[in-house]
>>> print(open('start_26.tsv').read())   # TSV, C-alpha atoms and all ligand atoms
chain	number	residue	atom	x	y	z
Z	1110	MET	CA	-50.84	-10.14	-69.69
Z	1111	LYS	CA	-52.13	-8.52	-66.51
Z	1112	ILE	CA	-50.30	-7.74	-63.27
Z	1113	ASN	CA	-51.99	-9.69	-60.50
Z	1114	GLN	CA	-49.55	-9.50	-57.59
Z	1115	VAL	CA	-47.06	-6.92	-56.29
Z	1116	ASP	CA	-44.72	-7.63	-53.36
Z	1117	VAL	CA	-42.20	-5.38	-51.65
Z	1118	LEU	CA	-39.32	-7.51	-50.36
Z	1119	ILE	CA	-36.84	-6.21	-47.79
Z	1120	THR	CA	-33.69	-8.09	-46.84
Z	1121	SER	CA	-30.38	-7.29	-45.16
Z	1122	PRO	CA	-27.68	-9.84	-46.04
Z	1123	GLY	CA	-24.90	-7.57	-44.75
Z	1124	ARG	CA	-26.68	-4.41	-45.94
Z	1125	ASN	CA	-30.29	-3.39	-46.63
Z	1126	PHE	CA	-31.99	-3.96	-49.98
Z	1127	VAL	CA	-35.56	-3.23	-51.10
Z	1128	THR	CA	-36.78	-5.26	-54.08
Z	1129	LEU	CA	-40.09	-5.01	-55.94
Z	1130	LYS	CA	-41.54	-8.26	-57.24
Z	1131	ILE	CA	-44.28	-8.07	-59.88
Z	1132	THR	CA	-46.15	-11.24	-60.89
Z	1133	THR	CA	-48.44	-11.53	-63.93
Z	1134	ASP	CA	-51.64	-13.57	-64.21
Z	1135	ASP	CA	-49.74	-16.24	-66.16
Z	1136	GLY	CA	-47.05	-16.48	-63.48
Z	1137	VAL	CA	-44.18	-14.47	-65.01
Z	1138	VAL	CA	-42.15	-12.72	-62.30
Z	1139	GLY	CA	-40.13	-9.51	-62.68
Z	1140	TYR	CA	-37.80	-7.83	-60.16
Z	1141	GLY	CA	-36.84	-4.19	-59.69
Z	1142	ASP	CA	-34.38	-2.59	-57.25
Z	1143	ALA	CA	-35.87	0.08	-54.94
Z	1144	THR	CA	-32.93	0.50	-52.54
Z	1145	LEU	CA	-32.27	4.02	-51.24
Z	1146	ASN	CA	-29.34	3.76	-48.83
Z	1147	GLY	CA	-30.30	5.06	-45.37
Z	1148	ARG	CA	-33.93	5.80	-46.36
Z	1149	GLU	CA	-34.98	2.31	-47.45
Z	1150	LEU	CA	-38.34	2.13	-45.66
Z	1151	ALA	CA	-39.61	5.35	-47.26
Z	1152	VAL	CA	-39.41	3.77	-50.72
Z	1153	ALA	CA	-40.87	0.50	-49.41
Z	1154	SER	CA	-43.86	2.43	-48.06
Z	1155	TYR	CA	-44.25	4.45	-51.28
Z	1156	LEU	CA	-44.49	1.20	-53.22
Z	1157	ARG	CA	-46.54	-0.78	-50.72
Z	1158	ASP	CA	-48.97	1.94	-49.64
Z	1159	HIS	CA	-49.33	4.05	-52.81
Z	1160	VAL	CA	-48.23	2.15	-55.93
Z	1161	SER	CA	-48.96	-1.58	-55.62
Z	1162	ALA	CA	-52.77	-1.23	-55.72
Z	1163	LEU	CA	-52.50	0.97	-58.85
Z	1164	LEU	CA	-50.57	-1.75	-60.67
Z	1165	ILE	CA	-53.03	-4.61	-60.12
Z	1166	GLY	CA	-54.91	-5.38	-63.34
Z	1167	ARG	CA	-52.65	-3.23	-65.56
Z	1168	ASP	CA	-51.18	-4.68	-68.77
Z	1169	ALA	CA	-47.60	-5.66	-67.83
Z	1170	HIS	CA	-46.43	-4.95	-71.41
Z	1171	ARG	CA	-47.33	-1.24	-71.26
Z	1172	ILE	CA	-44.11	-0.06	-69.61
Z	1173	GLU	CA	-44.01	3.51	-70.94
Z	1174	ASP	CA	-47.69	4.09	-70.21
Z	1175	THR	CA	-47.32	2.74	-66.66
Z	1176	TRP	CA	-44.24	4.90	-66.07
Z	1177	GLN	CA	-46.04	8.07	-67.24
Z	1178	TYR	CA	-49.16	7.09	-65.26
Z	1179	LEU	CA	-47.13	6.89	-62.04
Z	1180	TYR	CA	-44.87	9.91	-62.76
Z	1181	ARG	CA	-47.48	12.38	-64.04
Z	1182	GLY	CA	-50.38	10.78	-62.22
Z	1183	ALA	CA	-48.89	11.33	-58.76
Z	1184	TYR	CA	-48.72	15.09	-59.47
Z	1185	TRP	CA	-45.78	15.33	-56.95
Z	1186	ARG	CA	-42.88	14.56	-59.24
Z	1187	ARG	CA	-39.16	13.74	-58.94
Z	1188	GLY	CA	-37.09	13.28	-55.78
Z	1189	PRO	CA	-35.11	10.20	-54.71
Z	1190	VAL	CA	-37.97	8.33	-53.03
Z	1191	THR	CA	-40.42	8.75	-55.92
Z	1192	MET	CA	-37.85	8.01	-58.60
Z	1193	ALA	CA	-36.48	4.91	-56.82
Z	1194	ALA	CA	-40.03	3.56	-56.56
Z	1195	LEU	CA	-40.67	4.27	-60.25
Z	1196	ALA	CA	-37.35	2.66	-61.17
Z	1197	ALA	CA	-38.33	-0.54	-59.40
Z	1198	VAL	CA	-41.62	-0.74	-61.33
Z	1199	ASP	CA	-39.91	0.06	-64.64
Z	1200	VAL	CA	-37.11	-2.51	-64.24
Z	1201	ALA	CA	-39.52	-5.22	-63.02
Z	1202	LEU	CA	-41.70	-4.68	-66.10
Z	1203	TRP	CA	-38.66	-4.78	-68.43
Z	1204	ASP	CA	-37.61	-8.02	-66.69
Z	1205	ILE	CA	-41.05	-9.49	-67.41
Z	1206	LYS	CA	-41.13	-8.30	-71.03
Z	1207	ALA	CA	-37.68	-9.73	-71.77
Z	1208	LYS	CA	-38.54	-13.05	-70.07
Z	1209	VAL	CA	-41.70	-13.32	-72.19
Z	1210	ALA	CA	-39.63	-12.53	-75.30
Z	1211	GLY	CA	-37.12	-15.20	-74.23
Z	1212	LEU	CA	-34.27	-12.69	-74.60
Z	1213	PRO	CA	-31.77	-10.97	-72.30
Z	1214	LEU	CA	-32.97	-7.39	-71.81
Z	1215	TYR	CA	-30.10	-5.81	-73.78
Z	1216	GLN	CA	-31.51	-7.44	-76.94
Z	1217	LEU	CA	-34.72	-5.39	-76.54
Z	1218	LEU	CA	-32.64	-2.21	-76.11
Z	1219	GLY	CA	-31.03	-2.57	-79.52
Z	1220	GLY	CA	-28.66	-5.51	-79.00
Z	1221	ALA	CA	-24.99	-5.54	-78.05
Z	1222	SER	CA	-22.75	-2.62	-79.01
Z	1223	ARG	CA	-19.67	-4.16	-77.36
Z	1224	ARG	CA	-18.18	-7.37	-75.93
Z	1225	GLY	CA	-18.41	-6.17	-72.34
Z	1226	ALA	CA	-18.59	-3.10	-70.12
Z	1227	LEU	CA	-15.27	-1.78	-68.75
Z	1228	ALA	CA	-15.57	-1.73	-64.95
Z	1229	TYR	CA	-13.70	0.33	-62.38
Z	1230	GLY	CA	-13.04	-0.81	-58.82
Z	1231	HIS	CA	-12.50	1.14	-55.59
Z	1232	ALA	CA	-8.92	1.12	-54.33
Z	1233	SER	CA	-8.13	3.03	-51.16
Z	1234	GLY	CA	-5.64	3.37	-48.34
Z	1235	PHE	CA	-4.95	5.80	-45.53
Z	1236	ASP	CA	-1.29	5.99	-46.58
Z	1237	THR	CA	0.57	5.36	-49.83
Z	1238	GLU	CA	1.66	1.86	-48.87
Z	1239	ALA	CA	-1.89	0.71	-48.06
Z	1240	LEU	CA	-3.18	2.41	-51.22
Z	1241	PHE	CA	-0.61	0.65	-53.43
Z	1242	ASP	CA	-1.54	-2.71	-51.83
Z	1243	SER	CA	-5.20	-2.03	-52.54
Z	1244	ILE	CA	-4.50	-1.07	-56.18
Z	1245	ARG	CA	-2.42	-4.25	-56.65
Z	1246	ALA	CA	-5.21	-6.36	-55.08
Z	1247	HIS	CA	-7.74	-4.86	-57.51
Z	1248	LEU	CA	-5.46	-5.47	-60.50
Z	1249	GLU	CA	-5.17	-9.10	-59.36
Z	1250	LEU	CA	-8.98	-9.34	-59.28
Z	1251	GLY	CA	-8.94	-8.33	-62.95
Z	1252	TYR	CA	-9.87	-4.64	-62.76
Z	1253	ARG	CA	-8.49	-2.56	-65.60
Z	1254	ALA	CA	-9.56	0.84	-64.24
Z	1255	ILE	CA	-9.18	2.00	-60.63
Z	1256	ARG	CA	-10.75	4.67	-58.46
Z	1257	VAL	CA	-8.18	6.07	-56.03
Z	1258	GLN	CA	-9.24	7.43	-52.61
Z	1259	THR	CA	-6.76	8.24	-49.89
Z	1260	GLY	CA	-6.50	9.37	-46.29
Z	1261	VAL	CA	-5.76	13.03	-45.56
Z	1262	PRO	CA	-3.18	14.00	-42.89
Z	1263	GLY	CA	-4.95	15.19	-39.74
Z	1264	LEU	CA	-8.29	13.46	-40.52
Z	1265	GLU	CA	-9.18	10.18	-38.79
Z	1266	SER	CA	-11.70	8.83	-41.30
Z	1267	VAL	CA	-12.20	9.94	-44.87
Z	1268	TYR	CA	-14.85	9.18	-47.47
Z	1269	GLY	CA	-13.93	6.29	-49.75
Z	1270	VAL	CA	-11.14	4.80	-47.63
Z	1271	ALA	CA	-11.91	1.22	-46.58
Z	1272	ALA	CA	-11.39	0.09	-42.99
Z	1273	SER	CA	-9.53	-2.98	-44.25
Z	1274	THR	CA	-8.00	-3.88	-47.59
Z	1275	LYS	CA	-8.00	-7.63	-46.95
Z	1276	ILE	CA	-9.61	-9.44	-49.86
Z	1277	GLY	CA	-12.72	-11.32	-48.76
Z	1278	GLU	CA	-13.07	-9.33	-45.54
Z	1279	ARG	CA	-13.92	-5.69	-46.20
Z	1280	TYR	CA	-12.40	-5.72	-49.65
Z	1281	ASP	CA	-14.50	-2.77	-50.69
Z	1282	TYR	CA	-15.67	0.41	-49.05
Z	1283	GLU	CA	-19.13	0.47	-47.46
Z	1284	PRO	CA	-19.87	3.74	-45.67
Z	1285	ALA	CA	-23.36	2.94	-44.28
Z	1286	ARG	CA	-23.11	1.70	-40.70
Z	1287	ARG	CA	-25.77	-0.40	-38.96
Z	1288	ALA	CA	-26.76	1.76	-36.01
Z	1289	ALA	CA	-29.65	3.83	-34.71
Z	1290	LEU	CA	-27.76	7.05	-35.52
Z	1291	PRO	CA	-25.36	8.02	-38.31
Z	1292	THR	CA	-21.64	8.08	-37.54
Z	1293	GLU	CA	-19.87	11.43	-37.93
Z	1294	GLU	CA	-16.76	12.07	-40.00
Z	1295	GLN	CA	-14.35	15.01	-40.17
Z	1296	TRP	CA	-13.38	17.09	-43.14
Z	1297	ASP	CA	-10.87	19.79	-44.09
Z	1298	THR	CA	-10.82	20.80	-47.76
Z	1299	ARG	CA	-7.51	22.72	-47.61
Z	1300	SER	CA	-5.64	19.67	-46.24
Z	1301	TYR	CA	-7.25	17.48	-48.90
Z	1302	LEU	CA	-6.33	19.83	-51.75
Z	1303	ARG	CA	-2.72	20.07	-50.53
Z	1304	HIS	CA	-2.36	16.30	-50.16
Z	1305	LEU	CA	-4.13	14.76	-53.16
Z	1306	PRO	CA	-1.88	15.76	-56.12
Z	1307	ALA	CA	1.18	14.19	-54.44
Z	1308	VAL	CA	-0.77	10.93	-53.99
Z	1309	PHE	CA	-1.65	10.80	-57.70
Z	1310	GLU	CA	1.96	11.58	-58.60
Z	1311	ALA	CA	3.08	8.61	-56.46
Z	1312	VAL	CA	0.45	6.31	-58.01
Z	1313	ARG	CA	1.46	7.29	-61.56
Z	1314	ASN	CA	5.15	6.74	-60.72
Z	1315	GLU	CA	4.38	3.29	-59.34
Z	1316	PHE	CA	1.77	2.03	-61.82
Z	1317	GLY	CA	2.72	3.87	-65.02
Z	1318	PRO	CA	0.82	6.06	-67.48
Z	1319	ASP	CA	-1.62	3.50	-68.97
Z	1320	LEU	CA	-3.89	2.54	-66.05
Z	1321	PRO	CA	-7.14	4.57	-66.08
Z	1322	LEU	CA	-7.39	6.33	-62.68
Z	1323	LEU	CA	-10.54	7.93	-61.27
Z	1324	HIS	CA	-11.20	10.05	-58.20
Z	1325	ASP	CA	-14.39	11.01	-56.33
Z	1326	GLY	CA	-14.51	14.48	-54.71
Z	1327	HIS	CA	-17.91	13.63	-53.15
Z	1328	HIS	CA	-19.48	17.10	-53.47
Z	1329	ARG	CA	-17.08	18.75	-50.99
Z	1330	MET	CA	-15.48	21.59	-52.92
Z	1331	THR	CA	-16.53	25.08	-53.92
Z	1332	PRO	CA	-16.34	25.75	-57.68
Z	1333	ILE	CA	-12.97	27.53	-57.41
Z	1334	GLN	CA	-11.53	24.78	-55.20
Z	1335	ALA	CA	-12.70	22.17	-57.71
Z	1336	ALA	CA	-11.15	24.17	-60.56
Z	1337	LYS	CA	-7.85	24.32	-58.65
Z	1338	LEU	CA	-7.90	20.55	-58.01
Z	1339	GLY	CA	-8.78	19.70	-61.62
Z	1340	LYS	CA	-5.86	21.82	-62.79
Z	1341	ALA	CA	-3.45	20.33	-60.21
Z	1342	LEU	CA	-4.39	16.78	-61.31
Z	1343	GLU	CA	-3.93	17.39	-65.04
Z	1344	PRO	CA	-0.34	15.97	-65.14
Z	1345	TYR	CA	-1.70	12.62	-63.83
Z	1346	ASP	CA	-4.22	12.21	-66.67
Z	1347	LEU	CA	-7.34	11.17	-64.72
Z	1348	PHE	CA	-10.12	9.23	-66.46
Z	1349	TRP	CA	-12.44	11.49	-64.47
Z	1350	LEU	CA	-12.86	13.71	-61.44
Z	1351	GLU	CA	-16.27	12.86	-59.95
Z	1352	ASP	CA	-18.78	15.00	-58.02
Z	1353	CYS	CA	-16.31	17.82	-57.48
Z	1354	THR	CA	-18.99	20.27	-56.23
Z	1355	PRO	CA	-22.41	19.83	-54.60
Z	1356	ALA	CA	-24.62	18.60	-57.39
Z	1357	GLU	CA	-27.62	20.92	-57.13
Z	1358	ASN	CA	-25.98	23.95	-58.74
Z	1359	GLN	CA	-25.35	23.09	-62.38
Z	1360	GLU	CA	-23.78	26.52	-63.09
Z	1361	ALA	CA	-20.90	25.69	-60.72
Z	1362	LEU	CA	-19.52	23.30	-63.33
Z	1363	ARG	CA	-19.25	26.15	-65.83
Z	1364	LEU	CA	-16.55	27.75	-63.68
Z	1365	VAL	CA	-14.74	24.45	-63.12
Z	1366	ARG	CA	-14.83	23.70	-66.84
Z	1367	GLN	CA	-13.26	27.06	-67.75
Z	1368	HIS	CA	-10.15	26.20	-65.76
Z	1369	THR	CA	-9.34	22.53	-66.34
Z	1370	THR	CA	-9.19	19.80	-68.97
Z	1371	THR	CA	-9.57	17.05	-66.32
Z	1372	PRO	CA	-12.71	15.14	-67.42
Z	1373	LEU	CA	-15.70	15.68	-65.13
Z	1374	ALA	CA	-18.34	13.18	-64.03
Z	1375	ILE	CA	-21.43	13.92	-61.97
Z	1376	GLY	CA	-24.94	12.74	-61.16
Z	1377	GLU	CA	-25.15	9.82	-58.71
Z	1378	ILE	CA	-27.64	11.73	-56.55
Z	1379	PHE	CA	-29.61	13.11	-59.54
Z	1380	ASN	CA	-33.09	11.73	-60.27
Z	1381	THR	CA	-34.14	13.04	-63.69
Z	1382	VAL	CA	-32.84	14.41	-66.99
Z	1383	PHE	CA	-33.69	17.92	-65.77
Z	1384	ASP	CA	-30.84	17.74	-63.24
Z	1385	TYR	CA	-28.50	17.53	-66.25
Z	1386	GLN	CA	-30.11	20.04	-68.60
Z	1387	THR	CA	-27.44	22.77	-68.37
Z	1388	LEU	CA	-24.61	20.29	-67.83
Z	1389	ILE	CA	-25.39	18.40	-71.03
Z	1390	THR	CA	-26.48	21.17	-73.39
Z	1391	GLU	CA	-23.47	23.34	-72.45
Z	1392	GLN	CA	-21.12	20.32	-72.45
Z	1393	LEU	CA	-19.95	21.05	-68.90
Z	1394	ILE	CA	-19.41	17.36	-68.06
Z	1395	ASP	CA	-17.98	14.27	-69.75
Z	1396	TYR	CA	-19.80	11.44	-67.93
Z	1397	VAL	CA	-23.36	10.94	-66.65
Z	1398	ARG	CA	-23.26	9.16	-63.27
Z	1399	SER	CA	-26.94	8.37	-62.62
Z	1400	ALA	CA	-28.03	5.03	-61.20
Z	1401	VAL	CA	-30.82	3.08	-62.89
Z	1402	THR	CA	-32.20	2.53	-59.39
Z	1403	HIS	CA	-32.43	6.24	-58.51
Z	1404	THR	CA	-33.33	7.75	-61.87
Z	1405	GLY	CA	-36.63	6.06	-62.67
Z	1406	GLY	CA	-35.36	2.87	-64.29
Z	1407	VAL	CA	-34.20	1.68	-67.70
Z	1408	SER	CA	-36.74	3.72	-69.72
Z	1409	PRO	CA	-35.67	7.24	-68.61
Z	1410	MET	CA	-31.98	6.24	-68.42
Z	1411	LYS	CA	-32.03	5.18	-72.08
Z	1412	LYS	CA	-33.51	8.58	-72.99
Z	1413	LEU	CA	-30.95	10.37	-70.80
Z	1414	PHE	CA	-28.01	8.58	-72.44
Z	1415	ASP	CA	-29.41	9.20	-75.94
Z	1416	PHE	CA	-29.71	12.92	-75.05
Z	1417	ALA	CA	-26.12	12.97	-73.69
Z	1418	ALA	CA	-24.85	11.19	-76.81
Z	1419	GLN	CA	-25.75	14.21	-78.98
Z	1420	TYR	CA	-23.12	16.16	-77.01
Z	1421	GLN	CA	-20.45	13.40	-76.97
Z	1422	ILE	CA	-21.08	12.82	-73.26
Z	1423	LYS	CA	-20.75	9.21	-72.12
Z	1424	SER	CA	-22.21	6.96	-69.43
Z	1425	GLY	CA	-20.59	6.09	-66.11
Z	1426	VAL	CA	-23.43	4.40	-64.24
Z	1427	HIS	CA	-23.36	4.53	-60.44
Z	1428	GLY	CA	-22.75	1.02	-59.08
Z	1429	PRO	CA	-21.61	0.70	-55.46
Z	1430	THR	CA	-23.01	-2.02	-53.20
Z	1431	ASP	CA	-26.07	0.05	-52.25
Z	1432	ILE	CA	-27.28	-0.69	-55.78
Z	1433	SER	CA	-28.64	-4.25	-55.44
Z	1434	PRO	CA	-27.64	-6.98	-57.91
Z	1435	VAL	CA	-31.02	-6.29	-59.60
Z	1436	GLY	CA	-30.10	-2.63	-60.14
Z	1437	MET	CA	-26.59	-3.61	-61.27
Z	1438	ALA	CA	-27.94	-6.14	-63.78
Z	1439	ALA	CA	-30.31	-3.53	-65.22
Z	1440	ALA	CA	-27.35	-1.13	-65.61
Z	1441	LEU	CA	-25.29	-3.78	-67.40
Z	1442	HIS	CA	-28.01	-4.36	-70.03
Z	1443	LEU	CA	-27.96	-0.62	-70.77
Z	1444	ASP	CA	-24.13	-0.54	-70.76
Z	1445	ILE	CA	-23.97	-3.26	-73.38
Z	1446	ALA	CA	-26.68	-1.74	-75.59
Z	1447	ILE	CA	-26.04	2.02	-75.73
Z	1448	HIS	CA	-23.48	3.51	-78.12
Z	1449	ASN	CA	-22.09	6.13	-75.73
Z	1450	PHE	CA	-20.96	3.78	-72.97
Z	1451	GLY	CA	-18.05	5.14	-70.92
Z	1452	ILE	CA	-17.35	2.98	-67.87
Z	1453	GLN	CA	-19.28	1.10	-65.15
Z	1454	GLU	CA	-18.65	1.38	-61.40
Z	1455	TYR	CA	-18.46	-2.09	-59.90
Z	1456	MET	CA	-17.99	-3.18	-56.28
Z	1457	ARG	CA	-18.32	-6.86	-55.52
Z	1458	GLN	CA	-21.28	-7.72	-53.29
Z	1459	SER	CA	-20.87	-9.81	-50.13
Z	1460	PRO	CA	-21.18	-13.62	-50.47
Z	1461	GLU	CA	-24.45	-13.52	-48.43
Z	1462	THR	CA	-25.93	-10.96	-50.84
Z	1463	LEU	CA	-25.02	-13.11	-53.83
Z	1464	GLU	CA	-26.78	-16.09	-52.22
Z	1465	VAL	CA	-30.03	-14.10	-51.87
Z	1466	PHE	CA	-29.67	-12.55	-55.34
Z	1467	ARG	CA	-28.53	-15.18	-57.87
Z	1468	THR	CA	-27.01	-13.29	-60.75
Z	1469	SER	CA	-26.01	-14.29	-64.25
Z	1470	TYR	CA	-23.70	-11.35	-64.90
Z	1471	THR	CA	-19.99	-12.02	-65.27
Z	1472	PHE	CA	-16.73	-10.12	-64.66
Z	1473	GLU	CA	-13.88	-11.30	-66.85
Z	1474	ASP	CA	-10.72	-9.55	-67.99
Z	1475	GLY	CA	-11.96	-6.26	-66.54
Z	1476	LEU	CA	-15.26	-6.39	-68.43
Z	1477	LEU	CA	-18.76	-6.93	-67.06
Z	1478	HIS	CA	-21.44	-8.70	-69.08
Z	1479	PRO	CA	-25.12	-9.17	-68.10
Z	1480	GLY	CA	-25.24	-12.76	-69.43
Z	1481	GLU	CA	-27.71	-14.43	-71.78
Z	1482	THR	CA	-30.47	-15.42	-69.33
Z	1483	PRO	CA	-33.88	-14.13	-70.52
Z	1484	GLY	CA	-34.92	-11.01	-68.58
Z	1485	ILE	CA	-32.40	-9.07	-66.51
Z	1486	GLY	CA	-30.89	-12.33	-65.25
Z	1487	VAL	CA	-31.35	-12.12	-61.47
Z	1488	GLU	CA	-33.36	-14.53	-59.30
Z	1489	TYR	CA	-34.29	-13.78	-55.69
Z	1490	ASP	CA	-34.32	-16.44	-52.94
Z	1491	GLU	CA	-37.23	-15.30	-50.74
Z	1492	ASP	CA	-36.73	-17.99	-48.07
Z	1493	LEU	CA	-33.09	-17.10	-47.59
Z	1494	ALA	CA	-33.82	-13.36	-47.78
Z	1495	ALA	CA	-36.29	-13.69	-44.90
Z	1496	LYS	CA	-33.43	-14.85	-42.66
Z	1497	PHE	CA	-31.81	-11.40	-42.98
Z	1498	PRO	CA	-34.28	-8.89	-41.45
Z	1499	TYR	CA	-33.94	-5.13	-42.01
Z	1500	GLU	CA	-31.59	-3.29	-39.67
Z	1501	PRO	CA	-31.40	0.51	-39.48
Z	1502	ALA	CA	-28.25	1.82	-41.17
Z	1503	TYR	CA	-27.20	5.31	-42.15
Z	1504	LEU	CA	-24.62	7.00	-44.31
Z	1505	PRO	CA	-22.27	9.20	-42.24
Z	1506	VAL	CA	-22.74	12.89	-41.48
Z	1507	ASN	CA	-19.72	15.08	-42.21
Z	1508	ARG	CA	-18.40	18.01	-40.13
Z	1509	LEU	CA	-15.61	20.50	-40.66
Z	1510	LEU	CA	-12.95	20.61	-37.90
Z	1511	ASP	CA	-14.83	23.51	-36.18
Z	1512	GLY	CA	-18.02	21.42	-36.03
Z	1513	THR	CA	-19.89	22.91	-39.02
Z	1514	VAL	CA	-21.96	20.35	-40.94
Z	1515	HIS	CA	-20.47	19.89	-44.41
Z	1516	ASP	CA	-21.50	17.92	-47.51
Z	1517	TRP	CA	-20.80	14.21	-47.04
Z	1601	MG	MG	-19.48	8.76	-56.20
>>> encode(input="start_26.tsv", output="structure tokens", more="lines below")
Ligand SMILES: [Mg+2]
Amino acid sequence: MKINQVDVLITSPGRNFVTLKITTDDGVVGYGDATLNGRELAVASYLRDHVSALLIGRDAHRIEDTWQYLYRGAYWRRGPVTMAALAAVDVALWDIKAKVAGLPLYQLLGGASRRGALAYGHASGFDTEALFDSIRAHLELGYRAIRVQTGVPGLESVYGVAASTKIGERYDYEPARRAALPTEEQWDTRSYLRHLPAVFEAVRNEFGPDLPLLHDGHHRMTPIQAAKLGKALEPYDLFWLEDCTPAENQEALRLVRQHTTTPLAIGEIFNTVFDYQTLITEQLIDYVRSAVTHTGGVSPMKKLFDFAAQYQIKSGVHGPTDISPVGMAAALHLDIAIHNFGIQEYMRQSPETLEVFRTSYTFEDGLLHPGETPGIGVEYDEDLAAKFPYEPAYLPVNRLLDGTVHDW
């Protein structure tokens, strides 16, 4: 079964998505997500200009060999652009293999280990009242675990806080703005650290002790600040504190870990298992946050989770709306199959996106399931997609109150 056509498809039904389409000589089609928010065209070019010609004529069944050929063969390894391109090839080939087998992908990964994957949604509000409304709205949608992000006194816009909490309007948070230049946000860590524990106390008082609550620090703290926050949040029993420090320095988590029992999650901007080497072997984290789309696909993610499992570290796959429905579906097949599943991030896509990408995954009673359609279970409407041309969009840039550029 040879690959005889490779297409890079770009569409923007509300936000930009890059999708790889691989077609075999007997007409089987596989899709992979290659979306890198704010740098979409770099991955599209990598695939179009440097990968597609290498795939023509290759045996579509040889997924591992093709992955190693592209990873080792390029010589220049790792990085978000390379690994997103590789992920798209890997997922498209798994989609093809599972379609040929007539099975949903999770069956080829070992079969189901659970009924469904517990999902968490993004609740947010600038003040407590808006935050409570958002949490209630998510509970009504069926979410059984909630990420809590809040405004900070003195700051006009804050990461993770939606512009509107109206369901069906901007029901979820999307930070990338369509514009020629990135927007700029403000940040002050001391104000944030002073404010956040009181917000979690209020949420616990209102919603009780059972509801799993998560929080994303978005790489903004120093190790000692993160340690202080983890300690301050202990009475509110968080499911996890995410990305508390910038992710590059794995040793930072050693200091945080020494001071707090708040569970730690990290890795949405990581690309390979090597970014986790110290974190996993020294058990400095509790959850691996990589995205299938940005970490080379299903093949390396399965190896990463199996490695983490030896240290009782669980999965928490990255899943905001800049992961396309193709990337989300691939994640759900892994979530269902692996033993050390923890939780799955899940933001609902816009109605326009779900018309371009027709999915077979379901969300019921707080659990996601990839469905029983052979392959990964996503079809792509190319005619409709063509009506939504690419528009430049960027994630925000963050500055401290004195103007210094800070981690966003
Ligand atoms: Mg995050």
>>> closest_residue(input="start_26.tsv", among="Z:Ile1119, Z:Ala1246, Z:Leu1264, Z:Ala1400", to="ligand MG 1601 (chain Z)", atoms="all atoms listed in the file")
Z:Ala1400
>>> residues_around(input="start_26.tsv", residues="Gly1436 (chain Z)", least_positions_apart="3", cutoff="9 Å", atoms="all atoms listed in the file", output="PyMOL selection string")
chain Z and resi 1141-1144+1197+1200+1400-1402+1406+1428+1432-1433+1439-1441
>>> residues_near_point(input="start_26.tsv", point="(-5.4, 4.8, -71.2)", cutoff="10 Å", atoms="only C-alpha atoms", output="ChimeraX atom specification")
/Z:1253-1254,1318-1322,1346-1348
>>> residues_near_point(input="start_26.tsv", point="(-10.4, 27.7, -56.2)", cutoff="12 Å", atoms="all atoms listed in the file", output="ChimeraX atom specification")
/Z:1298-1299,1302,1330-1341,1353-1354,1361,1364-1365,1367-1369
>>> residues_near_ligand(input="start_26.tsv", ligand="ligand MG 1601 (chain Z)", cutoff="10 Å", atoms="all atoms listed in the file", output="PyMOL selection string")
chain Z and resi 1256+1268-1269+1324-1328+1350-1353+1374-1378+1398-1399+1426-1429+1454
>>> closest_residue(input="start_26.tsv", among="Z:Ser1161, Z:Ser1469, Z:Ser1459, Z:Ser1408", to="Ala1438 (chain Z)", atoms="only C-alpha atoms")
Z:Ser1469
>>> atom_distance(input="start_26.tsv", atom1="CA of Phe1309 (chain Z)", atom2="CA of Gly1230 (chain Z)")
16.3 Å
>>> residues_around(input="start_26.tsv", residues="Phe1466 (chain Z)", least_positions_apart="6", cutoff="7 Å", atoms="all atoms listed in the file", output="ChimeraX atom specification")
/Z:1434,1487-1490
>>> atom_distance(input="start_26.tsv", atom1="CA of Leu1362 (chain Z)", atom2="CA of Trp1296 (chain Z)")
22.0 Å
>>> atom_distance(input="start_26.tsv", atom1="CA of Leu1163 (chain Z)", atom2="CA of Glu1491 (chain Z)")
23.7 Å
>>> residues_around(input="start_26.tsv", residues="His1515 (chain Z)", least_positions_apart="3", cutoff="9 Å", atoms="only C-alpha atoms", output="MDAnalysis selection string")
chainID Z and resid 1295:1296 1329 1506:1509 1512
>>> residues_around(input="start_26.tsv", residues="Tyr1396 (chain Z)", least_positions_apart="3", cutoff="7 Å", atoms="only C-alpha atoms", output="list in words")
Leu1373, Ala1374, Ile1375, Ile1422, Lys1423, Ser1424 and Gly1425 of chain Z
>>> closest_residue(input="start_26.tsv", among="Z:Pro1483, Z:Trp1349, Z:Ala1169, Z:Ala1228", to="Thr1471 (chain Z)", atoms="only C-alpha atoms")
Z:Ala1228
>>> closest_residue(input="start_26.tsv", among="Z:Ala1210, Z:His1304, Z:Leu1342, Z:Ile1394", to="Ala1356 (chain Z)", atoms="only C-alpha atoms")
Z:Ile1394
>>> residues_around(input="start_26.tsv", residues="Val1209 (chain Z)", least_positions_apart="3", cutoff="9 Å", atoms="all atoms listed in the file", output="PDB file with C-alpha atoms, in the frame of the given file")
ATOM      1  CA  VAL Z1137     -44.180 -14.470 -65.010  1.00  0.00           C
ATOM      2  CA  ASP Z1204     -37.610  -8.020 -66.690  1.00  0.00           C
ATOM      3  CA  ILE Z1205     -41.050  -9.490 -67.410  1.00  0.00           C
ATOM      4  CA  LYS Z1206     -41.130  -8.300 -71.030  1.00  0.00           C
ATOM      5  CA  LEU Z1212     -34.270 -12.690 -74.600  1.00  0.00           C
ATOM      6  CA  PRO Z1483     -33.880 -14.130 -70.520  1.00  0.00           C
ATOM      7  CA  GLY Z1484     -34.920 -11.010 -68.580  1.00  0.00           C
TER       8      GLY Z1484
END
>>> decode(input="start_26.tsv", residues="region 1163-1167 of chain Z", atoms="C-alpha atoms", output="CSV table (one decimal), in the first residue's frame")
chain,number,residue,atom,x,y,z
Z,1163,LEU,CA,9.9,12.1,0.5
Z,1164,LEU,CA,6.6,10.3,1.3
Z,1165,ILE,CA,5.5,9.6,-2.3
Z,1166,GLY,CA,6.0,5.9,-3.0
Z,1167,ARG,CA,6.6,4.9,0.6
